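Novice: Input file: coords28.txt. Contents: compact mmCIF, C-alpha atoms.
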# COMPACT_ATOMS: atom_id res chain seq x y z
CA MET A 1 0.00 0.00 0.00
CA GLY A 2 1.39 3.40 -0.98
CA GLY A 3 0.78 6.53 1.01
CA ILE A 4 2.17 9.31 3.15
CA ASP A 5 3.67 8.26 6.48
CA PHE A 6 2.18 9.68 9.67
CA LEU A 7 2.28 9.15 13.42
CA LYS A 8 -0.21 10.09 16.10
CA GLY A 9 0.98 11.29 19.50
CA HIS A 10 -0.02 13.38 22.48
CA GLY A 11 1.42 15.30 25.41
CA THR A 12 -1.03 15.34 28.35
CA GLN A 13 -3.78 14.58 25.81
CA ASN A 14 -2.96 17.57 23.58
CA ASP A 15 -2.83 15.45 20.42
CA PHE A 16 -0.98 15.80 17.15
CA VAL A 17 -0.46 14.27 13.74
CA LEU A 18 3.26 14.01 12.98
CA LEU A 19 4.37 14.08 9.34
CA PRO A 20 7.97 12.97 8.74
CA ASP A 21 9.18 15.15 5.84
CA PRO A 22 12.96 15.59 6.18
CA ALA A 23 13.43 17.27 2.79
CA GLY A 24 10.39 19.54 3.12
CA ARG A 25 8.61 18.21 0.04
CA LEU A 26 5.06 17.85 1.34
CA ASP A 27 2.55 20.48 0.22
CA LEU A 28 1.11 21.20 3.64
CA ASN A 29 -1.50 23.81 2.85
CA GLU A 30 -4.16 25.17 5.20
CA ALA A 31 -6.99 23.05 3.79
CA ARG A 32 -4.97 19.86 4.11
CA VAL A 33 -4.00 20.57 7.73
CA ALA A 34 -7.61 21.35 8.66
CA ALA A 35 -8.78 18.12 7.03
CA LEU A 36 -6.13 16.03 8.82
CA CYS A 37 -7.12 17.50 12.18
CA ASP A 38 -10.86 17.06 11.63
CA ARG A 39 -12.07 14.31 13.97
CA HIS A 40 -14.73 13.09 11.55
CA ARG A 41 -13.23 13.35 8.05
CA GLY A 42 -9.56 13.11 8.97
CA LEU A 43 -7.26 11.60 11.58
CA GLY A 44 -8.27 14.05 14.31
CA ALA A 45 -5.82 16.24 16.23
CA ASP A 46 -5.26 19.58 17.91
CA GLY A 47 -2.47 20.30 15.43
CA VAL A 48 0.06 19.00 12.92
CA LEU A 49 3.81 18.64 13.53
CA ARG A 50 5.83 18.41 10.33
CA VAL A 51 9.27 16.91 10.98
CA VAL A 52 11.61 18.70 8.58
CA ARG A 53 15.31 19.54 8.49
CA ALA A 54 15.95 23.19 9.29
CA ALA A 55 18.28 23.37 6.31
CA ALA A 56 15.50 22.24 3.95
CA LEU A 57 13.46 25.31 4.94
CA GLU A 58 16.57 27.51 5.17
CA VAL A 59 15.71 28.27 8.79
CA PRO A 60 18.62 29.39 11.00
CA SER A 61 18.90 26.94 13.90
CA GLU A 62 21.56 25.23 15.96
CA GLY A 63 19.48 22.05 15.72
CA GLU A 64 19.14 19.77 12.73
CA TRP A 65 15.36 19.42 13.02
CA PHE A 66 12.63 22.05 12.75
CA MET A 67 9.13 21.68 14.20
CA ASP A 68 6.79 23.09 11.55
CA TYR A 69 3.68 23.46 13.72
CA ARG A 70 0.17 24.16 12.41
CA ASN A 71 -3.01 24.71 14.42
CA ALA A 72 -6.08 22.56 13.80
CA ASP A 73 -7.64 25.24 11.57
CA GLY A 74 -4.56 25.19 9.33
CA SER A 75 -3.05 28.43 10.62
CA ILE A 76 0.66 28.63 11.34
CA ALA A 77 1.74 28.97 14.99
CA GLU A 78 5.04 29.95 16.56
CA MET A 79 5.40 27.31 19.24
CA CYS A 80 3.69 24.46 21.08
CA GLY A 81 5.08 23.19 24.38
CA ASN A 82 3.25 19.87 24.33
CA GLY A 83 3.97 19.42 20.64
CA VAL A 84 7.70 19.93 21.03
CA ARG A 85 7.81 17.17 23.67
CA VAL A 86 6.07 14.73 21.32
CA PHE A 87 8.34 15.90 18.50
CA ALA A 88 11.42 15.26 20.65
CA ARG A 89 10.27 11.76 21.62
CA TYR A 90 9.67 10.91 17.98
CA LEU A 91 13.18 12.03 17.01
CA VAL A 92 14.72 9.76 19.65
CA GLU A 93 12.54 6.73 18.96
CA SER A 94 13.13 7.01 15.20
CA GLY A 95 16.90 7.22 15.66
CA LEU A 96 17.16 10.78 14.33
CA GLU A 97 18.47 12.00 17.71
CA THR A 98 19.94 10.25 20.72
CA GLU A 99 18.46 10.25 24.22
CA GLY A 100 19.53 13.20 26.31
CA GLU A 101 19.86 16.85 25.33
CA PHE A 102 19.53 18.32 21.83
CA VAL A 103 18.02 21.36 20.13
CA ILE A 104 14.80 21.68 18.12
CA GLY A 105 14.15 24.68 15.90
CA THR A 106 10.76 26.42 16.10
CA ARG A 107 9.30 29.66 14.78
CA ALA A 108 9.75 31.07 18.30
CA GLY A 109 13.46 30.20 18.18
CA ASP A 110 15.57 27.23 19.20
CA ARG A 111 14.27 25.09 22.05
CA PRO A 112 16.78 22.87 23.90
CA VAL A 113 15.14 19.66 25.11
CA VAL A 114 16.11 16.70 27.28
CA VAL A 115 14.53 13.32 26.57
CA HIS A 116 14.72 11.30 29.78
CA PRO A 117 15.05 7.49 30.03
CA ASP A 118 11.31 7.17 30.78
CA ARG A 119 10.68 9.22 27.59
CA SER A 120 9.29 12.18 29.49
CA VAL A 121 10.72 15.42 28.13
CA THR A 122 11.95 18.69 29.60
CA VAL A 123 11.91 21.72 27.31
CA ARG A 124 13.69 25.00 27.87
CA MET A 125 10.90 27.33 26.81
CA GLY A 126 12.77 30.64 26.85
CA PRO A 127 11.48 33.75 28.60
CA ALA A 128 7.88 34.17 29.73
CA THR A 129 7.44 37.92 29.38
CA ILE A 130 4.67 39.88 31.08
CA THR A 131 3.38 42.37 28.49
CA GLY A 132 0.41 44.02 30.23
CA THR A 133 -3.18 43.31 31.17
CA SER A 134 -6.43 42.84 29.31
CA VAL A 135 -9.89 41.32 29.64
CA THR A 136 -11.60 38.30 28.12
CA VAL A 137 -15.34 37.64 28.18
CA VAL A 138 -16.84 34.16 28.71
CA ALA A 139 -20.59 33.82 28.21
CA GLY A 140 -21.04 37.54 28.81
CA ARG A 141 -18.89 37.65 31.96
CA PRO A 142 -15.58 39.54 32.01
CA PHE A 143 -12.37 38.03 33.38
CA SER A 144 -9.34 40.26 33.85
CA GLY A 145 -6.03 38.73 32.92
CA VAL A 146 -2.28 39.12 32.66
CA ALA A 147 -0.85 39.14 29.12
CA VAL A 148 2.18 36.86 28.76
CA ASN A 149 4.37 36.15 25.73
CA VAL A 150 5.99 32.69 25.63
CA GLY A 151 6.99 32.99 21.99
CA ASN A 152 3.23 33.11 21.33
CA PRO A 153 0.53 35.29 22.97
CA HIS A 154 -1.43 34.36 26.10
CA LEU A 155 -3.92 36.01 28.42
CA VAL A 156 -4.03 34.35 31.85
CA SER A 157 -7.01 34.94 34.13
CA LEU A 158 -6.55 33.80 37.73
CA THR A 159 -9.97 33.41 39.30
CA ASP A 160 -11.59 32.17 42.49
CA GLU A 161 -14.37 30.66 40.41
CA ASP A 162 -13.91 26.94 39.78
CA VAL A 163 -12.57 26.75 36.23
CA ALA A 164 -14.33 23.40 35.81
CA ASP A 165 -17.61 25.32 35.70
CA LEU A 166 -16.69 27.61 32.80
CA ASP A 167 -18.34 27.09 29.41
CA LEU A 168 -15.47 27.25 26.90
CA ARG A 169 -17.27 25.65 23.97
CA ASP A 170 -17.44 28.97 22.13
CA GLN A 171 -14.59 31.38 21.46
CA PRO A 172 -14.35 33.81 24.39
CA ASP A 173 -14.16 37.44 23.34
CA PHE A 174 -10.94 39.42 23.74
CA ASP A 175 -9.47 42.77 22.74
CA HIS A 176 -8.39 42.43 19.11
CA ASP A 177 -6.43 45.67 19.31
CA VAL A 178 -4.25 44.14 22.03
CA PHE A 179 -4.06 40.73 20.32
CA PRO A 180 -4.36 41.38 16.55
CA HIS A 181 -3.19 37.86 15.70
CA GLY A 182 -5.39 36.10 18.26
CA VAL A 183 -4.51 34.83 21.72
CA ASN A 184 -4.48 31.69 23.84
CA LEU A 185 -6.79 32.14 26.84
CA GLU A 186 -5.98 30.44 30.16
CA PHE A 187 -8.31 30.28 33.17
CA VAL A 188 -6.51 29.33 36.36
CA ASN A 189 -7.25 28.38 39.98
CA ARG A 190 -4.64 28.37 42.74
CA LEU A 191 -4.72 25.00 44.51
CA GLY A 192 -2.10 25.82 47.09
CA GLU A 193 1.56 26.70 47.30
CA GLY A 194 3.21 25.69 44.01
CA ALA A 195 0.07 24.15 42.52
CA LEU A 196 -2.33 25.45 39.87
CA ARG A 197 -5.31 24.10 37.92
CA MET A 198 -5.92 25.37 34.38
CA ARG A 199 -8.28 25.20 31.42
CA VAL A 200 -7.43 26.74 28.07
CA HIS A 201 -9.09 27.91 24.88
CA GLU A 202 -6.36 27.79 22.23
CA ARG A 203 -6.05 30.17 19.32
CA GLY A 204 -7.04 28.41 16.11
CA VAL A 205 -8.15 25.23 17.89
CA GLY A 206 -10.74 25.75 20.65
CA GLU A 207 -10.63 24.22 24.11
CA THR A 208 -7.88 21.61 24.37
CA ARG A 209 -6.95 19.10 27.05
CA ALA A 210 -3.63 20.87 27.61
CA CYS A 211 -1.44 23.71 26.34
CA GLY A 212 2.26 23.61 27.14
CA THR A 213 3.08 27.27 26.51
CA GLY A 214 -0.15 28.07 28.35
CA THR A 215 1.01 26.29 31.49
CA VAL A 216 4.24 28.32 31.43
CA ALA A 217 2.22 31.50 30.95
CA ALA A 218 -0.06 30.51 33.85
CA VAL A 219 2.86 30.04 36.25
CA ALA A 220 4.52 33.27 35.10
CA ALA A 221 1.27 35.19 35.62
CA ALA A 222 0.65 33.66 39.06
CA LEU A 223 4.18 34.55 40.15
CA HIS A 224 3.81 38.07 38.77
CA LEU A 225 0.61 38.62 40.73
CA ALA A 226 2.41 37.35 43.83
CA GLY A 227 5.12 39.97 43.31
CA THR A 228 7.93 37.79 41.99
CA ASP A 229 9.33 36.49 38.70
CA THR A 230 10.94 33.27 39.92
CA GLY A 231 9.38 30.03 41.10
CA ALA A 232 8.04 26.59 40.26
CA SER A 233 4.62 24.98 40.15
CA THR A 234 2.75 21.93 39.07
CA VAL A 235 -0.11 22.66 36.68
CA ASP A 236 -3.09 20.32 36.46
CA ILE A 237 -4.89 20.43 33.14
CA PRO A 238 -7.71 18.14 31.96
CA GLY A 239 -5.13 15.92 30.23
CA GLY A 240 -2.79 15.42 33.18
CA ARG A 241 -0.06 17.26 35.06
CA VAL A 242 3.11 19.09 34.05
CA GLU A 243 5.86 20.80 36.02
CA VAL A 244 6.94 24.35 35.21
CA THR A 245 9.81 26.49 36.45
CA VAL A 246 10.09 30.20 35.70
CA SER A 247 13.09 32.42 36.29
CA ARG A 248 14.17 35.78 34.99
CA GLY A 249 14.72 35.30 31.26
CA ASP A 250 14.00 31.56 31.08
CA SER A 251 11.49 28.82 31.86
CA THR A 252 11.21 25.03 31.62
CA LEU A 253 8.32 22.67 30.99
CA SER A 254 8.50 18.98 31.96
CA GLY A 255 5.91 16.34 31.19
CA PRO A 256 5.01 13.13 29.38
CA ALA A 257 5.07 12.50 25.63
CA GLU A 258 3.38 9.53 23.99
CA ILE A 259 3.50 8.02 20.50
CA VAL A 260 0.17 6.27 19.93
CA ALA A 261 0.16 4.96 16.36
CA ARG A 262 1.87 4.89 12.98
CA GLY A 263 0.34 4.48 9.55
CA GLU A 264 -0.09 5.80 6.02
CA ILE A 265 -2.40 8.48 4.67
CA ASP A 266 -4.10 7.48 1.44
CA GLU A 267 -2.65 9.51 -1.44
CA ALA A 268 -6.05 10.04 -3.09
CA TRP A 269 -7.44 11.42 0.17
CA TRP A 270 -4.38 13.66 0.56
CA ALA A 271 -4.81 15.07 -2.93
CA ALA A 272 -8.53 15.74 -2.46
CA ALA A 273 -8.04 17.28 0.99
CA GLY A 274 -5.66 19.89 -0.33
CA SER A 275 -8.01 21.31 -2.94
Kindly present the structure from the file in structure tokens form.
Specialist:
Amino acid sequence: MGGIDFLKGHGTQNDFVLLPDPAGRLDLNEARVAALCDRHRGLGADGVLRVVRAAALEVPSEGEWFMDYRNADGSIAEMCGNGVRVFARYLVESGLETEGEFVIGTRAGDRPVVVHPDRSVTVRMGPATITGTSVTVVAGRPFSGVAVNVGNPHLVSLTDEDVADLDLRDQPDFDHDVFPHGVNLEFVNRLGEGALRMRVHERGVGETRACGTGTVAAVAAALHLAGTDTGASTVDIPGGRVEVTVSRGDSTLSGPAEIVARGEIDEAWWAAAGS
């Protein structure tokens, strides 16, 4: 059977289709990505990770491999913390990298990763920068938030209301002048010292079971509101738990990464999906 190779993986149930494409030859247009991610007419995923050599795309990077990440609606995104963990695990298990530390290129810059013996992954996520404040509106109710840039834009709302009760089925409103390219929206409860609970509505996707950059943004915002810029926290999301550290100018994200399946995409379907 001929076809296009794919893998399916997830990091804390934030799931992805991986497309090995070392030479960068696949025509990965917006329509094709959206079809792949559709849970009824495609494989189903929160996003697509194309595995391509940085040199093939002429992207400057200290790493050999570039994570070409696309949201479920086909739009291009800068970075994905859960995706880069799955990407890193794939590189090790496929023999393209060795266990331990190496660098992955992303549109948000190089991301050093460490793949541990249990195949969990720690990612150096770079700085989590507080950029201001804004407001989002959920079902007609405003939530004030802290704007955080983790290579992509976030608005983090810490609230005393149980985030499990929020209706995030529809896109919450936000200030498009502040976030002209959209924003990831995190809603966060403090559980105690060094422990947060979070739900997220992701730009270009909708509510997801987890968002890696979002968990870093959540910890950075919580620390900022507590009057500091350094600390660590666990973050519970619907898909599991990750560990985040934030310091001045850097942050790390540690959590699981799973490869679920491998297969081939039918070439006729691929051709039709891209039109």
Novice: Contacts of range 114-123 of chain A at 6 Å or less, counting all atoms listed in the file, minus same-chain residues fewer than 2 places along, as a list in words?
Specialist: Arg85, Glu99, Gly100, Glu101, Met125, Thr252, Leu253, Ser254, Gly255, Pro256 and Ala257 of chain A
Novice: May I have the residues from that selection written out with C-alpha atoms, as a PDB file, in the coordinates of the input?
Specialist:
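File produced: part34.pdb:
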ATOM      1  CA  ARG A  85       7.810  17.170  23.670  1.00  0.00           C
ATOM      2  CA  GLU A  99      18.460  10.250  24.220  1.00  0.00           C
ATOM      3  CA  GLY A 100      19.530  13.200  26.310  1.00  0.00           C
ATOM      4  CA  GLU A 101      19.860  16.850  25.330  1.00  0.00           C
ATOM      5  CA  MET A 125      10.900  27.330  26.810  1.00  0.00           C
ATOM      6  CA  THR A 252      11.210  25.030  31.620  1.00  0.00           C
ATOM      7  CA  LEU A 253       8.320  22.670  30.990  1.00  0.00           C
ATOM      8  CA  SER A 254       8.500  18.980  31.960  1.00  0.00           C
ATOM      9  CA  GLY A 255       5.910  16.340  31.190  1.00  0.00           C
ATOM     10  CA  PRO A 256       5.010  13.130  29.380  1.00  0.00           C
ATOM     11  CA  ALA A 257       5.070  12.500  25.630  1.00  0.00           C
TER      12      ALA A 257
END
Novice: Using all atoms listed in the file, can you tell me which of A:Asp167, A:Asp5, A:Glu97, A:Glu64 comes closest to Gly140 in chain A?
Specialist: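 Among the listed residues, A:Asp167 lies closest to Gly140 in chain A.
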Novice: Please indicate the distance in Å from CA of Ala55 in chain A to CA of Ser251 in chain A, rounded to one decimal place.
Specialist: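 Separating CA of Ala55 in chain A from CA of Ser251 in chain A is a distance of 27.0 Å.
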Novice: From the options A:Ala128, A:Ser157, A:Gly192, A:Trp269, which residue's atoms come nearest to Val246 in chain A, counting only C-alpha atoms?
Specialist: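 Counting only C-alpha atoms, the residue closest to Val246 in chain A is A:Ala128.
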Novice: By how many Å are CA of Val48 in chain A and CA of Asp177 in chain A apart?
Specialist: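 CA of Val48 in chain A sits 28.2 Å away from CA of Asp177 in chain A.
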Novice: When distances are computed from only C-alpha atoms, which of A:Gly47, A:Gly249, A:Gly83, A:Gly182 shows the smallest separation from Ile104 in chain A?
Specialist: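 Answer, going by the shortest atom-to-atom distance: A:Gly83.
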Novice: Select, from A:Leu91, A:Ala45, A:Cys37, A:Ala217, the residue with the minimum atom-to-atom distance to Gly63 in chain A, counting only C-alpha atoms.
Specialist: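 Closest candidate: A:Leu91.
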Novice: So what do you get for CA of Ala220 in chain A versus CA of Phe174 in chain A, distance-wise?
Specialist: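 Taking CA of Ala220 in chain A and CA of Phe174 in chain A, their separation equals 20.1 Å.
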Novice: Measuring between all atoms listed in the file, which one of A:Thr208, A:Ser134, A:Asn29, A:Gln171 shows the shortest distance to Arg50 in chain A?
Specialist: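 Ranking A:Thr208, A:Ser134, A:Asn29, A:Gln171 by distance to Arg50 in chain A, first place goes to A:Asn29.
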Novice: Within 7 Å of range 147-153 of chain A, which residues of range 23-127 of chain A show up? Give each one with its shortest atom-to-atom distance in Å (one decimal) and the two atoms involved, counting only C-alpha atoms, rows by chain then rising residue number, as CSV.
Specialist:
residue,atom,partner,partner_atom,distance
A:Glu78,CA,A:Asn152,CA,6.0
A:Met79,CA,A:Gly151,CA,6.5
A:Ala108,CA,A:Gly151,CA,5.0
A:Pro127,CA,A:Val150,CA,6.3
Novice: Could you work out an axis-aligned box for range 197-207 of chain A, taking every atom the file lists and adding 8 Å on each side, and report centre and edge lengths in Å to one decimal, as AutoDock Vina command-line options?
Specialist:
--center_x -8.0 --center_y 27.1 --center_z 27.0 --size_x 21.4 --size_y 22.1 --size_z 37.8
Novice: Missing atoms in range 227-248 of chain A: fill them in up to N, CA, C and O atoms and send the result as a short mmCIF file (atom, residue, chain, number, x, y, z; two decimals), in the frame of the given file.
Specialist:
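result_30.cif was written with the following content:
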data_model
loop_
_atom_site.label_atom_id
_atom_site.label_comp_id
_atom_site.auth_asym_id
_atom_site.auth_seq_id
_atom_site.Cartn_x
_atom_site.Cartn_y
_atom_site.Cartn_z
N GLY A 227 4.04 39.02 43.11
CA GLY A 227 5.12 39.97 43.31
C GLY A 227 6.50 39.43 43.07
O GLY A 227 7.49 39.99 43.56
N THR A 228 6.62 38.35 42.27
CA THR A 228 7.93 37.79 41.99
C THR A 228 7.99 37.34 40.53
O THR A 228 6.96 37.30 39.84
N ASP A 229 9.18 37.00 40.07
CA ASP A 229 9.33 36.49 38.70
C ASP A 229 10.08 35.17 38.67
O ASP A 229 10.54 34.73 37.61
N THR A 230 10.19 34.53 39.83
CA THR A 230 10.94 33.27 39.92
C THR A 230 10.17 32.28 40.79
O THR A 230 9.70 32.64 41.87
N GLY A 231 10.05 31.05 40.30
CA GLY A 231 9.38 30.03 41.10
C GLY A 231 9.05 28.81 40.27
O GLY A 231 9.39 28.72 39.08
N ALA A 232 8.40 27.84 40.91
CA ALA A 232 8.04 26.59 40.26
C ALA A 232 6.64 26.18 40.69
O ALA A 232 6.19 26.55 41.78
N SER A 233 5.97 25.42 39.83
CA SER A 233 4.62 24.98 40.15
C SER A 233 4.27 23.76 39.32
O SER A 233 4.74 23.60 38.19
N THR A 234 3.44 22.91 39.89
CA THR A 234 2.75 21.93 39.07
C THR A 234 1.53 22.63 38.47
O THR A 234 0.99 23.57 39.04
N VAL A 235 1.10 22.15 37.31
CA VAL A 235 -0.11 22.66 36.68
C VAL A 235 -0.95 21.45 36.27
O VAL A 235 -0.51 20.63 35.47
N ASP A 236 -2.15 21.37 36.85
CA ASP A 236 -3.09 20.32 36.46
C ASP A 236 -3.98 20.85 35.36
O ASP A 236 -4.62 21.89 35.50
N ILE A 237 -4.01 20.12 34.25
CA ILE A 237 -4.89 20.43 33.14
C ILE A 237 -5.78 19.21 32.92
O ILE A 237 -5.50 18.14 33.50
N PRO A 238 -6.84 19.32 32.15
CA PRO A 238 -7.71 18.14 31.96
C PRO A 238 -6.96 16.89 31.50
O PRO A 238 -7.37 15.77 31.82
N GLY A 239 -5.85 17.07 30.76
CA GLY A 239 -5.13 15.92 30.23
C GLY A 239 -4.05 15.36 31.13
O GLY A 239 -3.40 14.37 30.76
N GLY A 240 -3.84 15.95 32.30
CA GLY A 240 -2.79 15.42 33.18
C GLY A 240 -2.11 16.51 33.97
O GLY A 240 -2.70 17.53 34.32
N ARG A 241 -0.83 16.33 34.24
CA ARG A 241 -0.06 17.26 35.06
C ARG A 241 1.31 17.49 34.43
O ARG A 241 1.95 16.55 33.96
N VAL A 242 1.76 18.75 34.47
CA VAL A 242 3.11 19.09 34.05
C VAL A 242 3.77 19.88 35.17
O VAL A 242 3.11 20.34 36.11
N GLU A 243 5.08 20.03 35.07
CA GLU A 243 5.86 20.80 36.02
C GLU A 243 6.53 21.95 35.28
O GLU A 243 7.13 21.75 34.22
N VAL A 244 6.43 23.14 35.86
CA VAL A 244 6.94 24.35 35.21
C VAL A 244 7.85 25.09 36.19
O VAL A 244 7.52 25.22 37.38
N THR A 245 8.97 25.57 35.70
CA THR A 245 9.81 26.49 36.45
C THR A 245 9.94 27.78 35.65
O THR A 245 10.03 27.75 34.42
N VAL A 246 9.93 28.89 36.34
CA VAL A 246 10.09 30.20 35.70
C VAL A 246 11.16 30.96 36.46
O VAL A 246 11.17 31.00 37.69
N SER A 247 12.08 31.53 35.70
CA SER A 247 13.09 32.42 36.29
C SER A 247 13.24 33.61 35.37
O SER A 247 12.66 33.67 34.30
N ARG A 248 14.00 34.58 35.79
CA ARG A 248 14.17 35.78 34.99
C ARG A 248 14.86 35.44 33.68
O ARG A 248 16.01 35.02 33.65
#
